[in-house]
Amino acid sequence: MSGRQKNPSQRVKSANRLFLISLCFVVLSSYGIAWMGIGFSVEISLIVSQLLFWIPIAVYLLIERINLFQLVPFRKISISTVGMLVLFAVFLIPVMAWINMISMIFVENTVAVLDQQVQGNSLIVNLLLMAVMPSVSEELMVRGVYFHQYKVSGIFKGALMSGIVFGMMHMNFNQFSYAVVLGMIMALLVEATGSIFSSMMVHFVFNGYSVVLTHLQSEAAYLGTEEIIQEITQGDMIDMLVSYTPTACIAAIIALGIFLWIVQHCKRTEHMKQIFVSNCSEEGKKIKVITPSFVIGMAFGIGYMLLTEWMV
């Protein structure tokens, strides 16, 4: 990774500036497109949203002279590791669903609304738009660029910061709630395997499961056997959350066991022991990850999400 960023503290600061600029650029661009009266279909909007996040990152990589292929670990993973990753993702799904239930007590289920909007598409089209594209694009952005810039402060700090960035990129409280946790886990997964392909795989399985499940529900509803969208009260959601908690806890324990299995299988045990070690700057001080740019970015993002939630 050749470039201007020689000082670890400067790398973190520049990543936080990128975070702030990206949020501002995406929000202002979205309002600009709407102001010009340009309308996109849901499918095109999904593609455009990815492109809007990529523009600041592309400029950032050019200015800093960073080679993406040198920054991101594109290490091959074995077929056996792929099987473990799929299994890990399967048991991770109930955990994320449980977190999603908590958020749904307070806010609208954004993903369910989006799923309804794309019901007319074929399963292949929806898999490409909502599973393949995000699993490649978002992983390169977040677990690629952001995480590997933040990681100079320490693995755990890098995972936490990139997880927050991942959550904020979704621009709504519903997805933010579980995207932060999922983002942290996938960053640690990259470290556990030494490859970005691992997080891409888990991301694809996670999103693909949702797409396939919605498709099957849609087919069933079409045949008149069930309704996709039902009115669920806050009390109903709390009851569902309580009853689902044991399942989520068991799934979390199994997922943790599989994660440790992956670490051992990939011979990364010694490396992962350094998770909670904080790196220091050249002056011997711990590298600060919270900078003014990050604080302003968080305030801007939360303000935007509150505004959109209020307008619904």
# chains A, B, ... in the order shown; residues from 1 in each chain; ligands from 1

call {"tool": "residues_around", "arguments": {"residues": "Leu213 (chain A)", "least_positions_apart": "2", "cutoff": "12 Å", "atoms": "only C-alpha atoms", "output": "PDB file with C-alpha atoms, in the first residue's frame"}}
result
ATOM      1  CA  ALA A 112     -39.485  -5.586   4.785  1.00  0.00           C
ATOM      2  CA  ASP A 115     -38.644  -6.529  -0.053  1.00  0.00           C
ATOM      3  CA  GLN A 119     -41.483  -8.532  -5.284  1.00  0.00           C
ATOM      4  CA  LEU A 123     -35.373 -14.436  -7.756  1.00  0.00           C
ATOM      5  CA  ASN A 126     -33.144  -9.828  -6.578  1.00  0.00           C
ATOM      6  CA  LEU A 127     -30.223 -12.042  -5.596  1.00  0.00           C
ATOM      7  CA  VAL A 205     -25.439 -15.920   2.625  1.00  0.00           C
ATOM      8  CA  PHE A 206     -26.954 -13.442   5.081  1.00  0.00           C
ATOM      9  CA  ASN A 207     -28.581 -11.281   2.382  1.00  0.00           C
ATOM     10  CA  GLY A 208     -29.345 -14.219   0.108  1.00  0.00           C
ATOM     11  CA  TYR A 209     -31.279 -15.979   2.864  1.00  0.00           C
ATOM     12  CA  SER A 210     -33.504 -12.923   3.263  1.00  0.00           C
ATOM     13  CA  VAL A 211     -34.079 -12.651  -0.491  1.00  0.00           C
ATOM     14  CA  HIS A 215     -39.448 -14.897  -2.541  1.00  0.00           C
ATOM     15  CA  LEU A 216     -40.903 -18.072  -1.055  1.00  0.00           C
ATOM     16  CA  GLN A 217     -43.275 -16.063   1.121  1.00  0.00           C
ATOM     17  CA  SER A 218     -44.316 -14.052  -1.912  1.00  0.00           C
ATOM     18  CA  GLU A 219     -45.068 -17.225  -3.871  1.00  0.00           C
ATOM     19  CA  ALA A 220     -47.093 -18.592  -0.964  1.00  0.00           C
ATOM     20  CA  ILE A 228     -46.606 -11.439   3.703  1.00  0.00           C
TER      21      ILE A 228
END

call {"tool": "residues_around", "arguments": {"residues": "Trp54 (chain A)", "least_positions_apart": "3", "cutoff": "9 Å", "atoms": "only C-alpha atoms", "output": "MDAnalysis selection string"}}
result
chainID A and resid 22 49:51 57:59 137 141

call {"tool": "write_last_selection", "arguments": {"atoms": "C-alpha atoms", "output": "mmCIF file, in the first residue's frame"}}
result
data_model
loop_
_atom_site.group_PDB
_atom_site.id
_atom_site.type_symbol
_atom_site.label_atom_id
_atom_site.label_comp_id
_atom_site.auth_asym_id
_atom_site.auth_seq_id
_atom_site.Cartn_x
_atom_site.Cartn_y
_atom_site.Cartn_z
ATOM 1 C CA SER A 22 -19.148 10.191 2.236
ATOM 2 C CA SER A 49 -26.773 4.137 -3.772
ATOM 3 C CA GLN A 50 -23.725 1.889 -4.079
ATOM 4 C CA LEU A 51 -22.147 4.160 -6.691
ATOM 5 C CA ILE A 57 -13.827 6.356 -1.756
ATOM 6 C CA ALA A 58 -12.452 6.295 -5.305
ATOM 7 C CA VAL A 59 -11.337 9.919 -4.979
ATOM 8 C CA SER A 137 -19.269 -3.686 -3.082
ATOM 9 C CA MET A 141 -15.618 -0.476 0.947
#

call {"tool": "residues_around", "arguments": {"residues": "region 252-256 of chain A", "least_positions_apart": "3", "cutoff": "12 Å", "atoms": "only C-alpha atoms", "output": "list in words"}}
result
Met84, Leu85, Val86, Leu87, Phe88, Ala89, Val90, Phe91, Leu92, Ile93, Pro94, Val95, Met96, Ala97, Trp98, Ile99, Ile185, Leu188, Leu189, Thr245, Pro246, Thr247, Ala248, Cys249, Phe259, Leu260, Trp261, Ile262 and Val263 of chain A

call {"tool": "write_last_selection", "arguments": {"atoms": "C-alpha atoms", "output": "short mmCIF file (atom, residue, chain, number, x, y, z; two decimals), in the first residue's frame"}}
result
data_model
loop_
_atom_site.label_atom_id
_atom_site.label_comp_id
_atom_site.auth_asym_id
_atom_site.auth_seq_id
_atom_site.Cartn_x
_atom_site.Cartn_y
_atom_site.Cartn_z
CA MET A 84 -17.49 -23.46 7.66
CA LEU A 85 -18.32 -19.89 6.64
CA VAL A 86 -21.72 -20.91 5.29
CA LEU A 87 -22.44 -22.79 8.51
CA PHE A 88 -21.29 -19.77 10.53
CA ALA A 89 -23.60 -17.48 8.55
CA VAL A 90 -26.57 -19.82 9.06
CA PHE A 91 -26.23 -19.65 12.85
CA LEU A 92 -25.52 -15.93 12.73
CA ILE A 93 -28.87 -15.22 11.04
CA PRO A 94 -31.02 -15.86 14.18
CA VAL A 95 -28.76 -13.58 16.22
CA MET A 96 -29.15 -10.71 13.75
CA ALA A 97 -32.90 -11.40 13.53
CA TRP A 98 -33.11 -11.04 17.32
CA ILE A 99 -31.35 -7.65 17.20
CA ILE A 185 -18.14 -9.71 13.29
CA LEU A 188 -13.00 -10.08 12.78
CA LEU A 189 -13.79 -12.81 10.26
CA THR A 245 -34.40 -15.10 22.81
CA PRO A 246 -33.46 -18.72 23.75
CA THR A 247 -33.10 -19.60 20.06
CA ALA A 248 -30.90 -16.56 19.45
CA CYS A 249 -28.72 -17.37 22.48
CA PHE A 259 -15.82 -18.95 14.55
CA LEU A 260 -13.16 -20.43 16.84
CA TRP A 261 -13.11 -23.51 14.62
CA ILE A 262 -12.47 -21.28 11.59
CA VAL A 263 -9.64 -19.50 13.40
#

call {"tool": "closest_atom_pairs", "arguments": {"of": "region 2-80 of chain A", "to": "region 293-312 of chain A", "cutoff": "10 Å", "atoms": "only C-alpha atoms", "output": "CSV"}}
result
residue,atom,partner,partner_atom,distance
A:Val12,CA,A:Phe294,CA,9.9
A:Lys13,CA,A:Ser293,CA,7.7
A:Ser14,CA,A:Ser293,CA,8.9
A:Ala15,CA,A:Phe294,CA,8.8
A:Asn16,CA,A:Phe294,CA,5.1
A:Arg17,CA,A:Ser293,CA,5.3
A:Leu18,CA,A:Ser293,CA,8.6
A:Phe19,CA,A:Gly297,CA,6.7
A:Leu20,CA,A:Gly297,CA,4.4
A:Ile21,CA,A:Gly297,CA,7.9
A:Ser22,CA,A:Gly297,CA,9.0
A:Leu23,CA,A:Gly301,CA,6.9
A:Cys24,CA,A:Phe300,CA,7.8
A:Val27,CA,A:Tyr304,CA,8.3

call {"tool": "residues_around", "arguments": {"residues": "Val136 (chain A)", "least_positions_apart": "6", "cutoff": "12 Å", "atoms": "only C-alpha atoms", "output": "tab-separated table (two decimals) with N, CA and C atoms, in the first residue's frame"}}
result
chain	number	residue	atom	x	y	z
A	50	GLN	N	-25.08	2.46	-4.18
A	50	GLN	CA	-23.73	1.89	-4.08
A	50	GLN	C	-22.70	2.79	-4.77
A	128	LEU	N	-29.02	-10.85	-7.34
A	128	LEU	CA	-27.93	-10.03	-7.87
A	128	LEU	C	-27.91	-8.65	-7.23
A	129	LEU	N	-29.10	-8.05	-7.08
A	129	LEU	CA	-29.19	-6.68	-6.57
A	129	LEU	C	-28.99	-6.60	-5.06
A	130	MET	N	-29.51	-7.58	-4.33
A	130	MET	CA	-29.56	-7.46	-2.87
A	130	MET	C	-28.64	-8.43	-2.13
A	142	VAL	N	-16.05	-1.34	3.17
A	142	VAL	CA	-16.00	-1.28	4.64
A	142	VAL	C	-14.93	-2.22	5.22
A	143	ARG	N	-15.04	-3.52	4.94
A	143	ARG	CA	-14.03	-4.44	5.45
A	143	ARG	C	-12.73	-4.32	4.67
A	144	GLY	N	-12.79	-3.66	3.51
A	144	GLY	CA	-11.60	-3.43	2.74
A	144	GLY	C	-10.93	-2.14	3.13
A	196	ILE	N	-10.60	-11.21	2.52
A	196	ILE	CA	-11.85	-10.47	2.35
A	196	ILE	C	-12.95	-11.37	1.79
A	197	PHE	N	-12.55	-12.47	1.15
A	197	PHE	CA	-13.54	-13.37	0.56
A	197	PHE	C	-14.42	-14.01	1.64
A	198	SER	N	-13.91	-14.13	2.85
A	198	SER	CA	-14.70	-14.73	3.93
A	198	SER	C	-15.89	-13.86	4.30
A	199	SER	N	-15.66	-12.55	4.43
A	199	SER	CA	-16.77	-11.66	4.78
A	199	SER	C	-17.74	-11.52	3.61
A	200	MET	N	-17.21	-11.59	2.38
A	200	MET	CA	-18.09	-11.55	1.21
A	200	MET	C	-19.02	-12.75	1.22
A	201	MET	N	-18.48	-13.91	1.56
A	201	MET	CA	-19.28	-15.13	1.59
A	201	MET	C	-20.39	-15.05	2.64
A	202	VAL	N	-20.04	-14.63	3.85
A	202	VAL	CA	-21.03	-14.52	4.92
A	202	VAL	C	-22.08	-13.46	4.58
A	203	HIS	N	-21.64	-12.35	4.03
A	203	HIS	CA	-22.55	-11.27	3.62
A	203	HIS	C	-23.55	-11.79	2.58
A	204	PHE	N	-23.04	-12.55	1.62
A	204	PHE	CA	-23.92	-13.09	0.57
A	204	PHE	C	-24.95	-14.06	1.15
A	207	ASN	N	-27.62	-11.99	3.22
A	207	ASN	CA	-28.58	-11.28	2.38
A	207	ASN	C	-29.37	-12.24	1.50
